[in-house]
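First the structure, in the form of structure tokens, and then the observations on it.
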Amino acid sequence: MCGITGYFSLDNSLVPARFAAATSLIDYRGPDDFGYVSCSRTGKITEYHDEALKNFASDQGVLGALGFRRLAILDLSTAGHQPMGDATRNFWILFNGEVYNYLEIRSELIELGYSFKSNSDTEVILTAYCHWGQACLEKFNGMWALAILDVAKQKLFCARDRFGIKPFNFYLDNKKFIFGSESKQIQCMLGRSLEPDSRAAFDYLIFGAKNHTENTFFSDIKELRGGECMQVDLSDGNTIRVRREKWWTLQQRQFEGDAHEAAEQMLHLLKDSIRIRLRSDVPTGTALSGGLDSNGVVALTDELSDQQQDVFTVVSNDKNLDESEFAEKSVKKYGLKSHKIDFSTQDIKTLEKITFHHDQPLSGAGNVGGWILQQLIQSTNIIVNLNGQGADELMGGYSRPPHALTYLDSLHSGRLVHAHQQLLKGFQHSNRSLPGSLSVFGTDIARVLFRNAAYKSVLGRRKAMLNAEFFHDSPHKSAYIDIFKTDIDFSSLQKKHAWFELQNTSLPSLLHNVDRDSMAHSLEARVPFLDYRIAEHIFSLPPAMLLHDGFTKYTYRKAMQGRIDDELLWNNNKKGFVTPVNDYLVSGHAYCQDLLQQFPHHPVLNMDWVKSAFAARDPRQSRFLWRCLCFLIWDRQRIQGSYSC
């Protein structure tokens, strides 16, 4: 778990001081070690042990350089140092993440005649690539962003894990290919701050969408998407040639067993996912909320480990938001070592620090909750933490859309009576009144059936918040509506919705937050529900095994019977990580006022509307105001040069 930096050019434009600064800029991602190598045009490799690169060798013409910051998790010795070369010194790797099944792959490679000098997963990954080439990716179970330099062929192979858990950002033109774990590194190497990306800004402010395309919030900086890889050919002295492709996508399969077998397989896969994610040479713990997912991880970890678990919980004084009572029951049941932090302790100025690390405007006040959770973990000796992220996207855990989607799927298959029975059962488990449930359900049906009309309606309502000139060509700015277009023929609306949640909408943004929050505190966060075997199993199940009798995540609930208390197991009204946006705006009124006064005009936002809406203190506008304020915080940092060296 680390930070990576790379700069390759055909115009000899690499500036050593900037490259070193870009690598040091993210030292929080890897405080334990650093490393550099450069490659000359003649193929000479030079390693450096000077953090400032004052003795950088450029006499033979530099093709490029690799930089690394290490957070030591597996094999804490110097044998895990990166950039790491193979025995021939022809292949060099930068690797951020963990491949949890590295021991099994290592054994396979030993049988093939290979030997190893370290106990790290990095050496296993490099050896696997040398033997199998790109096909090695399909053997890996884990999270990664990697780059492997083939010195002889003057080619780079770059890849990101299936879901995009670890980041890979890059800048490309005909002469330069620059990459890093974070956008700020790329700007540092370029020596300038880039303008906002108009499509990213538009979709965030209007729809609240982030990380849904390859665009970052900085113009010309892209990200390799989850399940993608890229071949970068530097051998032509005139132009860099790139081949980018999808190496993995979540496929539809048909599960052949019954509901009991589905639950048994779910339990087996989740236990094995947690088993290999407990592999670590540093202490591990678990993030524990009051929800099904983290409580399941805690329960199975207790079965698999003979060590007392450290668990970490964010609590709230507002009982309408707090679910720590369920976490406390697990603490007592399993004899856990509990650590807690109160959400209300955070000041609105915390947003500035979080924004710097995220390299983009924040989604909501929930970002603060994720941040302070990692803050709490950092205050202990725990370095690795497991969490329940990704389960909702995989299993339709967000209760509103799945009920509407299941209803429409049942109607489409002609099961009219079943559709109405399931709908009524869903209403019974809701904490809303029947009229309230019907209203929400009707809204969700309309959104599913008339998506384009719904988005046009949102555009019309939100038009006033944007600068008129910026909004003028809005149909050309938005990429959000287009991401819902696909040629894939899904077997159900529920699977189609889950596919978009995983590929484009909810999960990419969530994983960005988890990576930045954990790495800012020099910690590693692991997500056992995003084991690709679990995802493929869940995606093979019919809709009735995911939402049944009004309960979401039905197969998972059945799998965890006897391990999670029934009161929580069959609670269908989880609040999620709810945080009070409006309360933040009220308590931080003076800060917000000062921020708004710094922007009399803005090329993206209509500042008259923003200031008027803020003065009105209308709670109905709070989430839109939140986006405007977070965008201004990010843009102020961009203008002031917080993202450059």
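FYI, nothing fancy with the structure tokens labels: chains A, B, ... in order, residues from 1 per chain, ligands from 1 as they appear.
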
Write out as a PyMOL selection string which residues come within 8 Å of A:Gln360 when counting only C-alpha atoms, dropping same-chain ones fewer than 2 positions away.
chain A and resi 216-217+355-356+358+362+631+634

Find the residues around stretch 560-570 of chain A up to 12 Å (only C-alpha atoms counted), leave out those fewer than 6 positions away in its own chain, and share them as an NGL selection string.
:A and (260 or 263-268 or 270-271 or 289-303 or 323-334 or 429-430 or 548-554)

Serialized selection, C-alpha atoms, as a PDB file, in the first residue's frame:
ATOM      1  CA  HIS A 260     -29.956 -22.445   0.504  1.00  0.00           C
ATOM      2  CA  ALA A 263     -26.417 -18.590   0.900  1.00  0.00           C
ATOM      3  CA  GLU A 264     -23.912 -21.359   1.623  1.00  0.00           C
ATOM      4  CA  GLN A 265     -21.708 -20.270  -1.265  1.00  0.00           C
ATOM      5  CA  MET A 266     -21.982 -16.649  -0.187  1.00  0.00           C
ATOM      6  CA  LEU A 267     -20.792 -17.573   3.312  1.00  0.00           C
ATOM      7  CA  HIS A 268     -17.911 -19.685   1.979  1.00  0.00           C
ATOM      8  CA  LEU A 270     -16.938 -14.180   2.179  1.00  0.00           C
ATOM      9  CA  LYS A 271     -15.057 -16.204   4.770  1.00  0.00           C
ATOM     10  CA  SER A 289     -20.857   0.692  12.053  1.00  0.00           C
ATOM     11  CA  GLY A 290     -24.359  -0.299  13.078  1.00  0.00           C
ATOM     12  CA  GLY A 291     -24.998  -1.955   9.715  1.00  0.00           C
ATOM     13  CA  LEU A 292     -25.231  -5.474   8.356  1.00  0.00           C
ATOM     14  CA  ASP A 293     -22.070  -5.382   6.292  1.00  0.00           C
ATOM     15  CA  SER A 294     -19.422  -4.364   8.817  1.00  0.00           C
ATOM     16  CA  ASN A 295     -21.065  -6.523  11.500  1.00  0.00           C
ATOM     17  CA  GLY A 296     -20.778  -9.480   9.150  1.00  0.00           C
ATOM     18  CA  VAL A 297     -17.081  -8.773   8.576  1.00  0.00           C
ATOM     19  CA  VAL A 298     -16.550  -8.558  12.344  1.00  0.00           C
ATOM     20  CA  ALA A 299     -18.416 -11.819  12.983  1.00  0.00           C
ATOM     21  CA  LEU A 300     -16.444 -13.790  10.386  1.00  0.00           C
ATOM     22  CA  THR A 301     -13.134 -12.227  11.389  1.00  0.00           C
ATOM     23  CA  ASP A 302     -13.823 -13.413  14.922  1.00  0.00           C
ATOM     24  CA  GLU A 303     -14.205 -16.969  13.570  1.00  0.00           C
ATOM     25  CA  GLU A 323     -26.661   3.387  15.145  1.00  0.00           C
ATOM     26  CA  SER A 324     -23.832   2.588  17.531  1.00  0.00           C
ATOM     27  CA  GLU A 325     -26.163   0.472  19.701  1.00  0.00           C
ATOM     28  CA  PHE A 326     -25.879  -2.319  17.113  1.00  0.00           C
ATOM     29  CA  ALA A 327     -22.090  -1.956  17.037  1.00  0.00           C
ATOM     30  CA  GLU A 328     -22.017  -2.148  20.837  1.00  0.00           C
ATOM     31  CA  LYS A 329     -23.882  -5.462  20.763  1.00  0.00           C
ATOM     32  CA  SER A 330     -21.156  -6.955  18.559  1.00  0.00           C
ATOM     33  CA  VAL A 331     -18.487  -5.519  20.866  1.00  0.00           C
ATOM     34  CA  LYS A 332     -20.025  -7.365  23.820  1.00  0.00           C
ATOM     35  CA  LYS A 333     -20.831 -10.549  21.894  1.00  0.00           C
ATOM     36  CA  TYR A 334     -17.306 -11.058  20.564  1.00  0.00           C
ATOM     37  CA  HIS A 429     -40.692  -3.095   6.553  1.00  0.00           C
ATOM     38  CA  SER A 430     -40.399   0.618   5.801  1.00  0.00           C
ATOM     39  CA  HIS A 548     -37.253 -11.162  -1.067  1.00  0.00           C
ATOM     40  CA  ASP A 549     -40.263 -10.572   1.158  1.00  0.00           C
ATOM     41  CA  GLY A 550     -39.353  -6.886   1.278  1.00  0.00           C
ATOM     42  CA  PHE A 551     -35.791  -7.503   2.499  1.00  0.00           C
ATOM     43  CA  THR A 552     -32.749  -6.348   0.542  1.00  0.00           C
ATOM     44  CA  LYS A 553     -29.505  -8.409   0.607  1.00  0.00           C
ATOM     45  CA  TYR A 554     -31.650 -11.489   1.242  1.00  0.00           C
TER      46      TYR A 554
END

As an MDAnalysis selection string, please: the residues near A:Asn169 (cut-off 7 Å, only C-alpha atoms, same-chain neighbours under 3 positions excluded).
chainID A and resid 179:183 221:224

Enumerate as number ranges by chain all residues of stretch 191-352 of chain A assigned to helix (DSSP H, G or I) by DSSP on the backbone, naming them with the chain letters and numbers the document uses.
A: 198-207, 259-277, 292-304, 324-334, 343-345, 350-352

With C-alpha atoms retained, export the selected residues as a CSV table (one decimal), in the first residue's frame.
chain,number,residue,atom,x,y,z
A,198,SER,CA,-15.9,21.5,-17.4
A,199,ARG,CA,-17.7,18.2,-17.7
A,200,ALA,CA,-16.6,17.0,-14.3
A,201,ALA,CA,-17.6,20.3,-12.7
A,202,PHE,CA,-21.0,20.4,-14.5
A,203,ASP,CA,-22.0,16.8,-13.5
A,204,TYR,CA,-20.9,17.3,-9.9
A,205,LEU,CA,-22.8,20.6,-9.4
A,206,ILE,CA,-26.0,19.5,-11.2
A,207,PHE,CA,-26.2,15.8,-10.4
A,259,ALA,CA,-31.7,-20.3,-2.2
A,260,HIS,CA,-30.0,-22.4,0.5
A,261,GLU,CA,-27.0,-23.3,-1.8
A,262,ALA,CA,-26.7,-19.6,-2.8
A,263,ALA,CA,-26.4,-18.6,0.9
A,264,GLU,CA,-23.9,-21.4,1.6
A,265,GLN,CA,-21.7,-20.3,-1.3
A,266,MET,CA,-22.0,-16.6,-0.2
A,267,LEU,CA,-20.8,-17.6,3.3
A,268,HIS,CA,-17.9,-19.7,2.0
A,269,LEU,CA,-16.7,-17.0,-0.4
A,270,LEU,CA,-16.9,-14.2,2.2
A,271,LYS,CA,-15.1,-16.2,4.8
A,272,ASP,CA,-12.3,-17.0,2.3
A,273,SER,CA,-12.2,-13.3,1.2
A,274,ILE,CA,-11.7,-12.2,4.8
A,275,ARG,CA,-9.2,-15.0,5.4
A,276,ILE,CA,-6.8,-13.8,2.7
A,277,ARG,CA,-7.4,-10.2,3.6
A,292,LEU,CA,-25.2,-5.5,8.4
A,293,ASP,CA,-22.1,-5.4,6.3
A,294,SER,CA,-19.4,-4.4,8.8
A,295,ASN,CA,-21.1,-6.5,11.5
A,296,GLY,CA,-20.8,-9.5,9.2
A,297,VAL,CA,-17.1,-8.8,8.6
A,298,VAL,CA,-16.6,-8.6,12.3
A,299,ALA,CA,-18.4,-11.8,13.0
A,300,LEU,CA,-16.4,-13.8,10.4
A,301,THR,CA,-13.1,-12.2,11.4
A,302,ASP,CA,-13.8,-13.4,14.9
A,303,GLU,CA,-14.2,-17.0,13.6
A,304,LEU,CA,-11.0,-16.8,11.5
A,324,SER,CA,-23.8,2.6,17.5
A,325,GLU,CA,-26.2,0.5,19.7
A,326,PHE,CA,-25.9,-2.3,17.1
A,327,ALA,CA,-22.1,-2.0,17.0
A,328,GLU,CA,-22.0,-2.1,20.8
A,329,LYS,CA,-23.9,-5.5,20.8
A,330,SER,CA,-21.2,-7.0,18.6
A,331,VAL,CA,-18.5,-5.5,20.9
A,332,LYS,CA,-20.0,-7.4,23.8
A,333,LYS,CA,-20.8,-10.5,21.9
A,334,TYR,CA,-17.3,-11.1,20.6
A,343,PHE,CA,-18.8,13.0,14.7
A,344,SER,CA,-19.8,16.3,16.2
A,345,THR,CA,-16.2,17.0,17.2
A,350,THR,CA,-11.7,20.2,8.3
A,351,LEU,CA,-13.2,20.3,4.8
A,352,GLU,CA,-10.1,22.1,3.5

Just to confirm, what's the straight-line distance from atom CA of A:Leu373 to atom CA of A:Asn96 in Å (one decimal)?
22.0 Å

Shell of 7 Å around stretch 225-242 of chain A, only C-alpha atoms, local chain residues under 6 positions omitted, as a VMD selection string:
chain A and resid 10 153 to 164 174 to 175 214 248 to 249

Write out as an MDAnalysis selection string all residues of stretch 232-373 of chain A that backbone DSSP assigns to strand (DSSP E).
chainID A and resid 232:233 241:246 284:287 310:315 337:342

Could you name the residues that touch A:Thr88 at 12 Å or less, counting only C-alpha atoms, but leaving out those on the same chain fewer than 3 positions away, as a VMD selection string?
chain A and resid 45 84 to 85 91 to 92 126 to 127 130 150 to 152

Only N, CA and C atoms, please: the residues just picked out, written as a tab-separated table (two decimals), in the first residue's frame.
chain	number	residue	atom	x	y	z
A	45	ILE	N	19.82	1.52	-16.51
A	45	ILE	CA	19.01	1.75	-15.32
A	45	ILE	C	19.90	2.28	-14.20
A	84	MET	N	11.15	-2.16	-7.90
A	84	MET	CA	11.78	-3.47	-7.80
A	84	MET	C	12.06	-4.02	-9.19
A	85	GLY	N	13.29	-4.51	-9.38
A	85	GLY	CA	13.65	-5.10	-10.65
A	85	GLY	C	13.70	-6.61	-10.57
A	91	PHE	N	13.03	-5.84	-16.26
A	91	PHE	CA	11.68	-5.47	-15.87
A	91	PHE	C	11.70	-4.80	-14.50
A	92	TRP	N	11.00	-3.65	-14.39
A	92	TRP	CA	10.94	-2.89	-13.15
A	92	TRP	C	9.49	-2.55	-12.83
A	126	LEU	N	5.61	-9.22	-10.08
A	126	LEU	CA	6.59	-8.99	-11.15
A	126	LEU	C	6.95	-10.30	-11.83
A	127	THR	N	7.18	-11.34	-11.04
A	127	THR	CA	7.52	-12.65	-11.61
A	127	THR	C	6.37	-13.21	-12.42
A	130	CYS	N	6.36	-11.48	-15.73
A	130	CYS	CA	7.44	-11.98	-16.59
A	130	CYS	C	7.08	-13.34	-17.20
A	150	ASP	N	9.35	-2.41	-19.29
A	150	ASP	CA	10.17	-3.34	-20.06
A	150	ASP	C	11.28	-2.50	-20.70
A	151	VAL	N	12.49	-2.60	-20.14
A	151	VAL	CA	13.59	-1.73	-20.57
A	151	VAL	C	14.00	-2.00	-22.00
A	152	ALA	N	14.11	-3.28	-22.37
A	152	ALA	CA	14.58	-3.64	-23.71
A	152	ALA	C	13.62	-3.16	-24.80

What's the 6 Å shell around A:Cys188, counting only C-alpha atoms, without same-chain residues fewer than 3 positions away, as a JSON list (two decimals) with C-alpha atoms, in the first residue's frame?
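New file part_15.json:
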[["chain", "number", "residue", "atom", "x", "y", "z"],
["A", 22, "ALA", "CA", 5.96, 15.03, -6.71],
["A", 185, "GLN", "CA", 1.60, 14.86, -8.38],
["A", 191, "GLY", "CA", 5.07, 22.66, -13.09],
["A", 644, "SER", "CA", 1.45, 22.33, -7.45],
["A", 645, "CYS", "CA", 5.02, 22.20, -6.16]]
